[in-house]
>>> print(open('input15.txt').read())   # compact mmCIF, C-alpha atoms
# COMPACT_ATOMS: atom_id res chain seq x y z
CA MET A 1 243.40 -111.75 24.19
CA ASP A 2 243.66 -114.42 21.50
CA LEU A 3 242.44 -117.77 22.77
CA SER A 4 241.17 -119.30 19.56
CA LEU A 5 241.61 -123.07 19.61
CA THR A 6 243.56 -124.61 16.77
CA PRO A 7 242.38 -127.85 15.13
CA ALA A 8 245.09 -129.60 17.18
CA ASP A 9 243.69 -128.09 20.40
CA GLU A 10 240.17 -129.23 19.54
CA ALA A 11 241.53 -132.70 18.77
CA LEU A 12 243.24 -132.78 22.18
CA ARG A 13 239.97 -131.88 23.91
CA ARG A 14 238.07 -134.61 22.04
CA ARG A 15 240.80 -137.17 22.74
CA LEU A 16 240.79 -136.41 26.46
CA ARG A 17 236.99 -136.53 26.71
CA THR A 18 236.96 -139.89 24.94
CA TRP A 19 239.71 -141.20 27.22
CA LEU A 20 237.91 -139.99 30.36
CA ALA A 21 234.65 -141.57 29.26
CA ALA A 22 236.45 -144.91 29.11
CA ASN A 23 238.81 -144.56 32.08
CA LEU A 24 237.33 -142.23 34.73
CA PRO A 25 237.19 -144.12 38.04
CA ARG A 26 234.11 -144.17 40.19
CA SER A 27 235.87 -142.13 42.89
CA ARG A 28 235.21 -138.46 42.18
CA ARG A 29 237.03 -135.24 42.97
CA ASP A 30 234.74 -134.45 45.89
CA ASP A 31 235.89 -137.66 47.61
CA ARG A 32 238.74 -136.28 49.74
CA SER A 33 239.42 -139.52 51.61
CA VAL A 34 242.80 -139.98 49.94
CA GLU A 35 243.99 -136.50 50.82
CA TYR A 36 242.82 -136.76 54.38
CA GLY A 37 244.26 -140.00 55.51
CA GLU A 38 242.57 -143.27 54.52
CA PRO A 39 245.65 -145.39 53.74
CA GLU A 40 243.64 -148.11 52.00
CA ARG A 41 242.77 -145.62 49.24
CA ILE A 42 246.37 -144.67 48.46
CA PRO A 43 247.16 -147.51 46.01
CA ALA A 44 244.12 -146.65 43.90
CA ALA A 45 245.06 -142.95 43.92
CA LYS A 46 248.59 -143.74 42.81
CA ALA A 47 247.28 -146.06 40.10
CA TRP A 48 245.02 -143.27 38.79
CA GLN A 49 247.90 -140.78 38.51
CA ARG A 50 250.11 -143.39 36.84
CA LYS A 51 247.37 -144.22 34.34
CA LEU A 52 246.81 -140.54 33.59
CA TYR A 53 250.56 -140.04 33.13
CA GLU A 54 250.90 -143.02 30.80
CA ALA A 55 248.11 -141.52 28.69
CA GLY A 56 250.13 -138.30 28.42
CA PHE A 57 247.95 -136.05 30.58
CA VAL A 58 250.20 -135.34 33.60
CA ALA A 59 252.70 -132.44 33.67
CA MET A 60 252.17 -131.77 29.98
CA ARG A 61 254.17 -128.51 30.09
CA TRP A 62 257.24 -130.18 31.49
CA PRO A 63 259.98 -130.54 28.84
CA ARG A 64 260.02 -133.91 27.10
CA GLU A 65 263.49 -134.63 28.45
CA TYR A 66 262.00 -134.67 31.97
CA GLY A 67 258.92 -136.77 31.16
CA GLY A 68 256.49 -134.07 30.02
CA GLN A 69 254.97 -133.42 26.62
CA GLY A 70 256.57 -130.05 25.93
CA ALA A 71 253.02 -128.73 25.59
CA ASP A 72 252.13 -125.06 25.52
CA VAL A 73 250.11 -123.33 28.21
CA LEU A 74 246.83 -123.53 26.29
CA GLU A 75 247.12 -127.30 25.86
CA GLN A 76 247.80 -127.72 29.59
CA THR A 77 244.82 -125.49 30.40
CA ILE A 78 242.53 -127.55 28.17
CA VAL A 79 243.56 -130.71 30.03
CA ASP A 80 243.19 -129.10 33.47
CA ASP A 81 239.74 -127.74 32.66
CA GLU A 82 238.48 -131.02 31.23
CA LEU A 83 239.65 -132.96 34.28
CA VAL A 84 237.81 -130.55 36.57
CA ARG A 85 234.63 -130.59 34.48
CA ALA A 86 234.64 -134.39 34.39
CA GLY A 87 234.92 -134.54 38.18
CA ALA A 88 238.13 -136.54 37.86
CA PRO A 89 240.01 -137.36 41.08
CA GLY A 90 242.81 -134.97 41.88
CA LEU A 91 246.43 -136.08 41.67
CA ILE A 92 247.74 -137.60 44.88
CA GLY A 93 251.17 -136.34 43.80
CA LEU A 94 249.93 -132.83 43.05
CA LEU A 95 252.55 -131.01 45.15
CA GLY A 96 255.32 -132.88 43.40
CA VAL A 97 253.90 -132.31 39.91
CA GLU A 98 252.86 -128.67 40.29
CA MET A 99 255.38 -127.31 42.81
CA LEU A 100 258.52 -129.37 43.30
CA GLY A 101 258.89 -130.56 39.70
CA PRO A 102 258.92 -127.10 38.06
CA THR A 103 261.24 -125.85 40.83
CA LEU A 104 263.74 -128.65 40.22
CA ILE A 105 263.58 -128.13 36.46
CA GLU A 106 264.55 -124.50 37.09
CA TRP A 107 267.03 -124.90 39.97
CA GLY A 108 268.00 -128.55 40.36
CA THR A 109 271.25 -130.22 39.43
CA PRO A 110 271.25 -132.83 36.64
CA GLU A 111 271.60 -135.54 39.28
CA GLN A 112 268.62 -134.20 41.26
CA LYS A 113 266.47 -134.08 38.14
CA ARG A 114 267.35 -137.66 37.17
CA ARG A 115 266.71 -138.94 40.69
CA PHE A 116 263.55 -137.10 41.70
CA LEU A 117 261.50 -136.13 38.65
CA PRO A 118 260.48 -139.56 37.26
CA PRO A 119 258.85 -140.84 40.50
CA VAL A 120 257.04 -137.51 40.88
CA LEU A 121 255.23 -138.10 37.59
CA THR A 122 254.20 -141.67 38.34
CA ALA A 123 253.28 -140.99 42.01
CA ASP A 124 255.81 -143.58 43.15
CA GLU A 125 257.04 -140.90 45.56
CA ILE A 126 254.72 -138.41 47.25
CA TRP A 127 255.96 -135.00 48.40
CA CYS A 128 254.97 -132.55 51.11
CA GLN A 129 255.99 -128.92 51.67
CA GLY A 130 257.94 -127.89 54.76
CA TYR A 131 257.49 -124.11 54.91
CA SER A 132 255.22 -122.91 57.73
CA GLU A 133 256.26 -123.07 61.38
CA PRO A 134 254.36 -122.29 64.61
CA ASP A 135 255.72 -118.72 64.62
CA SER A 136 256.44 -118.37 60.89
CA GLY A 137 253.34 -118.48 58.72
CA SER A 138 252.70 -115.34 56.71
CA ASP A 139 256.17 -114.05 57.68
CA LEU A 140 257.84 -117.11 56.24
CA ALA A 141 261.34 -115.60 56.27
CA SER A 142 261.30 -115.63 60.08
CA LEU A 143 261.50 -119.45 60.13
CA ARG A 144 263.75 -121.00 62.79
CA THR A 145 264.24 -124.65 61.79
CA ARG A 146 268.04 -124.99 61.72
CA ALA A 147 270.29 -126.98 59.41
CA GLU A 148 273.97 -127.09 60.35
CA LEU A 149 276.45 -128.34 57.79
CA ASP A 150 278.56 -131.23 59.14
CA GLY A 151 280.87 -132.61 56.46
CA ASP A 152 278.74 -133.92 53.60
CA HIS A 153 275.49 -133.76 55.60
CA PHE A 154 273.19 -131.16 57.12
CA VAL A 155 271.86 -131.83 60.61
CA VAL A 156 268.29 -130.50 60.86
CA ASN A 157 266.47 -129.54 64.09
CA GLY A 158 263.14 -127.75 64.41
CA GLN A 159 259.45 -127.99 63.64
CA LYS A 160 257.04 -127.45 60.74
CA VAL A 161 253.27 -127.16 60.94
CA TRP A 162 250.21 -127.20 58.63
CA THR A 163 252.14 -129.64 56.46
CA SER A 164 249.69 -131.13 53.97
CA TYR A 165 250.33 -134.78 53.02
CA ALA A 166 253.14 -135.23 55.57
CA HIS A 167 251.35 -138.32 56.92
CA LEU A 168 251.47 -139.85 53.43
CA ALA A 169 254.65 -138.33 52.02
CA ASP A 170 257.90 -140.04 51.12
CA TRP A 171 259.82 -136.76 50.78
CA MET A 172 259.61 -133.12 51.84
CA PHE A 173 260.91 -129.99 50.12
CA CYS A 174 261.85 -127.89 53.10
CA LEU A 175 263.13 -124.42 54.02
CA VAL A 176 265.75 -124.33 56.76
CA ARG A 177 267.95 -121.64 58.30
CA THR A 178 271.58 -122.30 57.48
CA ASP A 179 273.02 -118.92 58.54
CA PRO A 180 271.39 -117.57 61.72
CA GLU A 181 273.57 -114.44 61.64
CA ALA A 182 272.49 -113.32 58.15
CA PRO A 183 269.46 -111.09 57.45
CA LYS A 184 266.41 -113.30 57.67
CA HIS A 185 265.85 -113.59 53.89
CA ALA A 186 269.53 -114.28 53.22
CA GLY A 187 270.30 -117.18 55.56
CA ILE A 188 267.80 -119.75 54.26
CA SER A 189 268.43 -122.92 52.23
CA TYR A 190 266.13 -125.34 50.36
CA LEU A 191 266.55 -129.04 51.21
CA LEU A 192 265.00 -132.28 49.98
CA ILE A 193 264.40 -134.46 53.05
CA ASP A 194 263.60 -138.18 53.11
CA MET A 195 260.58 -138.53 55.41
CA ARG A 196 261.80 -141.98 56.49
CA SER A 197 264.94 -140.47 58.02
CA ALA A 198 265.69 -141.15 61.68
CA GLY A 199 264.63 -138.28 63.92
CA ILE A 200 261.42 -137.26 62.06
CA THR A 201 258.08 -137.38 63.91
CA VAL A 202 254.77 -136.64 62.14
CA ARG A 203 251.67 -135.78 64.17
CA PRO A 204 248.39 -135.32 62.25
CA LEU A 205 246.23 -132.32 63.22
CA VAL A 206 242.46 -132.77 63.29
CA GLN A 207 240.74 -129.84 61.56
CA MET A 208 237.26 -128.43 62.00
CA THR A 209 236.17 -130.64 59.09
CA GLY A 210 236.94 -133.67 61.25
CA ASP A 211 239.78 -134.71 58.94
CA ALA A 212 243.50 -134.86 59.67
CA GLY A 213 245.19 -133.76 56.46
CA PHE A 214 247.54 -131.18 57.98
CA ASN A 215 250.37 -132.23 60.25
CA GLU A 216 253.04 -131.13 62.66
CA VAL A 217 256.50 -132.39 61.72
CA PHE A 218 259.38 -132.47 64.22
CA PHE A 219 263.06 -132.81 63.30
CA GLU A 220 265.57 -134.03 65.87
CA ASP A 221 269.14 -134.36 64.55
CA VAL A 222 267.93 -135.42 61.11
CA HIS A 223 270.80 -136.05 58.68
CA VAL A 224 270.28 -134.79 55.11
CA PRO A 225 272.95 -135.29 52.40
CA ARG A 226 274.45 -132.07 51.08
CA ALA A 227 273.61 -133.41 47.61
CA ASN A 228 269.95 -132.71 48.48
CA LEU A 229 270.53 -128.93 48.63
CA VAL A 230 268.61 -127.20 45.80
CA GLY A 231 270.25 -124.02 44.54
CA GLY A 232 273.25 -122.66 46.38
CA LEU A 233 273.81 -122.55 50.11
CA HIS A 234 271.77 -119.69 51.64
CA GLN A 235 269.88 -119.21 48.33
CA GLY A 236 266.71 -120.90 49.55
CA TRP A 237 264.59 -117.76 49.50
CA GLN A 238 265.01 -117.36 45.74
CA VAL A 239 264.25 -121.04 45.17
CA ALA A 240 261.26 -120.90 47.53
CA ASN A 241 259.73 -118.01 45.62
CA SER A 242 259.76 -120.12 42.47
CA THR A 243 257.83 -122.80 44.34
CA LEU A 244 255.39 -120.26 45.81
CA ARG A 245 254.66 -118.89 42.34
CA HIS A 246 253.67 -122.35 41.16
CA GLU A 247 251.65 -122.95 44.36
CA ARG A 248 249.55 -119.81 43.86
CA ASN A 249 248.83 -120.83 40.27
CA MET A 250 247.84 -124.29 41.54
CA LEU A 251 245.43 -122.94 44.17
CA GLY A 252 243.54 -120.71 41.72
CA SER A 253 241.33 -122.69 39.32
CA SER A 254 238.71 -120.74 37.37
CA ALA A 255 237.20 -123.97 36.06
CA ARG A 256 236.71 -125.26 39.61
CA THR A 257 235.04 -122.00 40.64
CA GLN A 258 232.70 -122.08 37.64
CA GLN A 259 231.80 -125.65 38.56
CA LEU A 260 230.91 -124.57 42.12
CA LEU A 261 228.73 -121.73 40.79
CA HIS A 262 226.77 -124.13 38.59
CA ALA A 263 226.32 -126.48 41.55
CA VAL A 264 224.89 -123.65 43.68
CA GLN A 265 222.56 -122.63 40.86
CA ARG A 266 221.30 -126.22 40.57
CA LEU A 267 220.81 -126.36 44.34
CA ALA A 268 218.65 -123.19 44.24
CA ARG A 269 216.50 -124.70 41.48
CA ARG A 270 216.10 -128.01 43.32
CA ARG A 271 214.91 -126.20 46.42
CA GLY A 272 212.44 -124.13 44.40
CA ILE A 273 213.91 -120.76 45.43
CA ALA A 274 215.87 -119.81 42.33
CA ASP A 275 213.30 -117.08 41.54
CA ASP A 276 213.35 -115.56 45.03
CA GLY A 277 214.51 -111.95 44.71
CA ALA A 278 217.15 -112.11 47.43
CA VAL A 279 218.53 -115.41 46.17
CA ARG A 280 218.63 -114.16 42.58
CA GLN A 281 220.53 -111.06 43.68
CA ARG A 282 223.16 -113.07 45.53
CA LEU A 283 223.50 -115.53 42.64
CA ALA A 284 223.82 -112.67 40.17
CA ASN A 285 226.54 -110.96 42.23
CA LEU A 286 228.50 -114.21 42.46
CA ALA A 287 228.00 -114.96 38.76
CA ILE A 288 229.43 -111.53 37.87
CA ARG A 289 232.47 -112.15 40.07
CA VAL A 290 233.00 -115.60 38.56
CA GLU A 291 232.79 -114.17 35.04
CA ALA A 292 235.28 -111.43 35.92
CA MET A 293 237.60 -114.08 37.30
CA ARG A 294 237.22 -116.16 34.14
CA LEU A 295 238.17 -113.19 31.97
CA HIS A 296 241.12 -112.41 34.24
CA ALA A 297 242.25 -116.03 33.83
CA TYR A 298 242.06 -115.59 30.04
CA ARG A 299 244.24 -112.51 30.27
CA GLU A 300 246.73 -114.40 32.42
CA LEU A 301 246.64 -117.31 29.98
CA THR A 302 247.38 -114.95 27.09
CA ASP A 303 250.36 -113.51 28.97
CA ALA A 304 251.68 -117.02 29.59
CA ALA A 305 251.21 -117.98 25.93
CA ARG A 306 253.30 -114.93 24.97
CA GLY A 307 256.07 -115.87 27.38
CA ARG A 308 255.44 -113.18 29.97
CA PRO A 309 256.18 -114.12 33.61
CA PRO A 310 253.09 -114.62 35.81
CA GLY A 311 253.93 -111.89 38.33
CA LEU A 312 251.13 -110.16 40.22
CA PRO A 313 248.20 -111.49 38.13
CA ALA A 314 248.88 -114.93 39.64
CA LEU A 315 248.42 -113.45 43.12
CA VAL A 316 245.12 -111.91 42.00
CA THR A 317 243.95 -115.28 40.68
CA LYS A 318 244.77 -117.02 43.96
CA LEU A 319 243.15 -114.25 46.03
CA VAL A 320 239.95 -114.06 44.00
CA SER A 321 239.40 -117.77 43.40
CA THR A 322 239.82 -118.90 47.00
CA GLU A 323 237.54 -116.18 48.37
CA LEU A 324 234.95 -116.85 45.66
CA ASN A 325 234.90 -120.57 46.40
CA HIS A 326 234.28 -119.81 50.08
CA ASP A 327 231.47 -117.35 49.29
CA LEU A 328 229.81 -119.88 46.97
CA ALA A 329 229.88 -122.52 49.69
CA GLU A 330 228.44 -120.00 52.14
CA LEU A 331 225.50 -119.28 49.84
CA ALA A 332 224.89 -123.00 49.34
CA LEU A 333 224.64 -123.49 53.11
CA ASP A 334 222.26 -120.54 53.38
CA LEU A 335 220.05 -122.15 50.73
CA LEU A 336 220.08 -125.46 52.62
CA GLY A 337 219.11 -123.84 55.90
CA ALA A 338 219.02 -126.27 58.82
CA GLN A 339 219.87 -129.14 56.47
CA GLY A 340 223.28 -127.61 55.92
CA LEU A 341 224.28 -127.67 59.58
CA GLY A 342 226.87 -130.11 60.83
CA THR A 343 230.10 -131.42 59.32
CA GLY A 344 228.72 -134.38 57.39
CA GLY A 345 227.51 -132.66 54.23
CA LEU A 346 229.46 -131.74 51.13
CA TRP A 347 228.72 -128.01 51.37
CA SER A 348 229.61 -127.70 55.05
CA PHE A 349 232.88 -129.45 54.25
CA GLU A 350 233.42 -127.12 51.29
CA LEU A 351 232.86 -124.03 53.46
CA MET A 352 235.45 -125.13 56.00
CA PHE A 353 237.91 -126.47 53.41
CA THR A 354 237.84 -123.30 51.31
CA LEU A 355 238.53 -121.23 54.41
CA GLY A 356 241.80 -123.14 54.67
CA MET A 357 242.57 -122.36 51.01
CA ILE A 358 242.16 -118.64 51.75
CA ILE A 359 244.97 -119.05 54.29
CA GLY A 360 247.16 -121.51 52.35
CA GLY A 361 249.77 -120.19 49.93
CA GLY A 362 249.77 -116.81 51.69
CA THR A 363 246.66 -115.37 53.37
CA SER A 364 244.30 -113.02 51.54
CA GLN A 365 245.56 -110.16 53.70
CA ILE A 366 249.15 -110.86 52.63
CA GLN A 367 248.11 -111.15 48.97
CA LYS A 368 246.32 -107.79 49.15
CA ASN A 369 249.36 -106.11 50.71
CA ILE A 370 251.66 -107.43 47.98
CA ILE A 371 249.25 -106.45 45.20
CA SER A 372 248.73 -102.96 46.61
CA GLU A 373 252.42 -102.27 47.26
CA ARG A 374 254.03 -103.89 44.23
CA GLY A 375 251.19 -103.61 41.74
CA LEU A 376 249.56 -100.31 42.62
CA GLY A 377 252.58 -98.55 44.15
CA MET A 378 250.81 -97.84 47.41
CA PRO A 379 252.88 -97.10 50.54
CA ARG A 380 253.41 -99.79 53.14
CA GLY A 381 251.01 -99.58 56.03
>>> encode(input="input15.txt", output="structure tokens")
Amino acid sequence: MDLSLTPADEALRRRLRTWLAANLPRSRRDDRSVEYGEPERIPAAKAWQRKLYEAGFVAMRWPREYGGQGADVLEQTIVDDELVRAGAPGLIGLLGVEMLGPTLIEWGTPEQKRRFLPPVLTADEIWCQGYSEPDSGSDLASLRTRAELDGDHFVVNGQKVWTSYAHLADWMFCLVRTDPEAPKHAGISYLLIDMRSAGITVRPLVQMTGDAGFNEVFFEDVHVPRANLVGGLHQGWQVANSTLRHERNMLGSSARTQQLLHAVQRLARRRGIADDGAVRQRLANLAIRVEAMRLHAYRELTDAARGRPPGLPALVTKLVSTELNHDLAELALDLLGAQGLGTGGLWSFELMFTLGMIIGGGTSQIQKNIISERGLGMPRG
């Protein structure tokens, strides 16, 4: 691995730290009220993303022609890490920036790129992901939401579930079945759906955290222009895998996990039990796992800098980071004892939220199957 920072990289880090010191809003990353449905906070969240974009710190790896900086992977990583370490609010348009945008750059038509990419960057349009269905979660290719081509429109009927941001979103990137007679992976298409279309109903789902960030979405004779088809007809599975690759990268943040470890270590010191043998052993085990994850992230970063596709290492990053974050929250609650009970505290929220991240983007069990079969050559169970 060669991750030496150039003078330009060091200058970028200093510039971002200086900018954050002057511009970081009072709302911090652990304030999830925007994500989970307080409409009065949305304008401030959009303003933060727009301000960050105007400063040149959003979607830096996007090509300049599409509003990015044409930055390399190390520059983007420096920015991502500094934002996490500063406790900066997350992007309200994260799914658009990290998932839809790169997918459209790869698969979209020139007209789709001109229409949809600029408002993704500025958060003028918020996106949600229409993948999972009540009977199609881990086995995504078994989805049943139908889209029938009628002239220059598709007519969509069906249901999606666990749809993050649907209650806030202007648009959805959605998988639909356009050929019910084809093998299940072959008859799927990828549509961009206006969430204000007639026939769409969004019902928020209250989670165990008490929040309602996930949603059910129902489609009843929803008309979608054929121009909103990404990739060819029935090629949605290939397009969707591009999006999933970016999603798994998005869900695995080594900087965020390191930040959680340091928070747990501080908690143990504050409670005066950092020197307890059992606590030290658990902290040491977690610290070793976090360090191994950090080194794996460096290896993945080196591959990206050399132009190698992410492949299976990205699945490992998603698997390890989400499970580590959950285990760190679990230890924090153990350290708090009775004080950690209930749903009002940060660590109890973190425990429940990180459990959802273990499921999102493909469950840990699915990730392990893919890694074992495709990476290690093990037979299918």
>>> closest_atom_pairs(input="input15.txt", of="stretch 25-113 of chain A", to="stretch 10-15 of chain A", cutoff="10 Å", atoms="all atoms listed in the file", output="tab-separated table")
residue	atom	partner	partner_atom	distance
A:Glu75	CA	A:Leu12	CA	7.7
A:Ile78	CA	A:Arg13	CA	6.6
A:Val79	CA	A:Arg13	CA	7.2
A:Asp81	CA	A:Arg13	CA	9.7
A:Glu82	CA	A:Arg13	CA	7.5
>>> residues_around(input="input15.txt", residues="stretch 51-59 of chain A", least_positions_apart="4", cutoff="7 Å", atoms="only C-alpha atoms", output="list in words")
Ala47, Gly68, Val79, Val97, Leu121 and Thr122 of chain A
>>> closest_atom_pairs(input="input15.txt", of="stretch 272-299 of chain A", to="stretch 325-338 of chain A", cutoff="10 Å", atoms="only C-alpha atoms", output="tab-separated table")
residue	atom	partner	partner_atom	distance
A:Ile273	CA	A:Leu335	CA	8.2
A:Ala274	CA	A:Leu335	CA	9.7
A:Val279	CA	A:Leu335	CA	8.3
A:Arg282	CA	A:Leu331	CA	7.9
A:Leu283	CA	A:Leu331	CA	8.4
A:Leu286	CA	A:Leu328	CA	7.4
A:Ala287	CA	A:Leu328	CA	9.7
A:Val290	CA	A:Asn325	CA	9.5
>>> residues_around(input="input15.txt", residues="A:Ala123", least_positions_apart="5", cutoff="10 Å", atoms="all atoms listed in the file", output="list in words")
Pro43, Ala45, Lys46, Ala47, Trp48, Gln49, Arg50, Tyr53, Leu91, Ile92, Gly93, Leu94, Gly96, Val97 and Pro118 of chain A
>>> residues_around(input="input15.txt", residues="stretch 233-241 of chain A", least_positions_apart="6", cutoff="6 Å", atoms="only C-alpha atoms", output="PyMOL selection string")
chain A and resi 187-190
>>> residues_around(input="input15.txt", residues="A:Gln159", least_positions_apart="4", cutoff="8 Å", atoms="only C-alpha atoms", output="PDB file with C-alpha atoms, in the coordinates of the input")
ATOM      1  CA  GLU A 133     256.260-123.070  61.380  1.00  0.00           C
ATOM      2  CA  PRO A 134     254.360-122.290  64.610  1.00  0.00           C
ATOM      3  CA  THR A 145     264.240-124.650  61.790  1.00  0.00           C
ATOM      4  CA  GLU A 216     253.040-131.130  62.660  1.00  0.00           C
ATOM      5  CA  VAL A 217     256.500-132.390  61.720  1.00  0.00           C
ATOM      6  CA  PHE A 218     259.380-132.470  64.220  1.00  0.00           C
ATOM      7  CA  PHE A 219     263.060-132.810  63.300  1.00  0.00           C
TER       8      PHE A 219
END
>>> closest_residue(input="input15.txt", among="A:Lys184, A:Arg146, A:Arg114, A:Arg85", to="A:Leu260", atoms="all atoms listed in the file")
A:Arg85
>>> residues_near_point(input="input15.txt", point="(256.8, -115.1, 53.6)", cutoff="12 Å", atoms="all atoms listed in the file", output="number ranges by chain")
A: 131-133, 135-143, 175, 184-185, 188, 237-238, 240-241, 244, 360-363, 366-367, 370
>>> write_last_selection(input="input15.txt", atoms="C-alpha atoms", output="mmCIF file, in the coordinates of the input")
data_model
loop_
_atom_site.group_PDB
_atom_site.id
_atom_site.type_symbol
_atom_site.label_atom_id
_atom_site.label_comp_id
_atom_site.auth_asym_id
_atom_site.auth_seq_id
_atom_site.Cartn_x
_atom_site.Cartn_y
_atom_site.Cartn_z
ATOM 1 C CA TYR A 131 257.490 -124.110 54.910
ATOM 2 C CA SER A 132 255.220 -122.910 57.730
ATOM 3 C CA GLU A 133 256.260 -123.070 61.380
ATOM 4 C CA ASP A 135 255.720 -118.720 64.620
ATOM 5 C CA SER A 136 256.440 -118.370 60.890
ATOM 6 C CA GLY A 137 253.340 -118.480 58.720
ATOM 7 C CA SER A 138 252.700 -115.340 56.710
ATOM 8 C CA ASP A 139 256.170 -114.050 57.680
ATOM 9 C CA LEU A 140 257.840 -117.110 56.240
ATOM 10 C CA ALA A 141 261.340 -115.600 56.270
ATOM 11 C CA SER A 142 261.300 -115.630 60.080
ATOM 12 C CA LEU A 143 261.500 -119.450 60.130
ATOM 13 C CA LEU A 175 263.130 -124.420 54.020
ATOM 14 C CA LYS A 184 266.410 -113.300 57.670
ATOM 15 C CA HIS A 185 265.850 -113.590 53.890
ATOM 16 C CA ILE A 188 267.800 -119.750 54.260
ATOM 17 C CA TRP A 237 264.590 -117.760 49.500
ATOM 18 C CA GLN A 238 265.010 -117.360 45.740
ATOM 19 C CA ALA A 240 261.260 -120.900 47.530
ATOM 20 C CA ASN A 241 259.730 -118.010 45.620
ATOM 21 C CA LEU A 244 255.390 -120.260 45.810
ATOM 22 C CA GLY A 360 247.160 -121.510 52.350
ATOM 23 C CA GLY A 361 249.770 -120.190 49.930
ATOM 24 C CA GLY A 362 249.770 -116.810 51.690
ATOM 25 C CA THR A 363 246.660 -115.370 53.370
ATOM 26 C CA ILE A 366 249.150 -110.860 52.630
ATOM 27 C CA GLN A 367 248.110 -111.150 48.970
ATOM 28 C CA ILE A 370 251.660 -107.430 47.980
#
>>> atom_distance(input="input15.txt", atom1="atom CA of A:Trp171", atom2="atom CA of A:Met195")
5.0 Å
>>> atom_distance(input="input15.txt", atom1="atom CA of A:Tyr165", atom2="atom CA of A:Pro89")
16.0 Å
>>> residues_around(input="input15.txt", residues="A:Gly356", least_positions_apart="3", cutoff="12 Å", atoms="all atoms listed in the file", output="PyMOL selection string")
chain A and resi 162+164+207-209+213-214+251+322-323+325-326+349-353+359-364
>>> closest_residue(input="input15.txt", among="A:Ala263, A:Leu100, A:Leu319, A:Leu312", to="A:Trp347", atoms="all atoms listed in the file")
A:Ala263
>>> atom_distance(input="input15.txt", atom1="atom CA of A:Leu117", atom2="atom CA of A:Gly130")
18.4 Å
>>> closest_residue(input="input15.txt", among="A:Arg203, A:Arg280, A:Arg266, A:Arg271", to="A:His167", atoms="all atoms listed in the file")
A:Arg203
>>> residues_near_point(input="input15.txt", point="(271.0, -128.7, 48.1)", cutoff="10 Å", atoms="all atoms listed in the file", output="ChimeraX atom specification")
/A:107-109,112,154,189-192,224-236
>>> closest_residue(input="input15.txt", among="A:Phe116, A:Ala86, A:Arg41, A:Ile288", to="A:Ala22", atoms="all atoms listed in the file")
A:Ala86
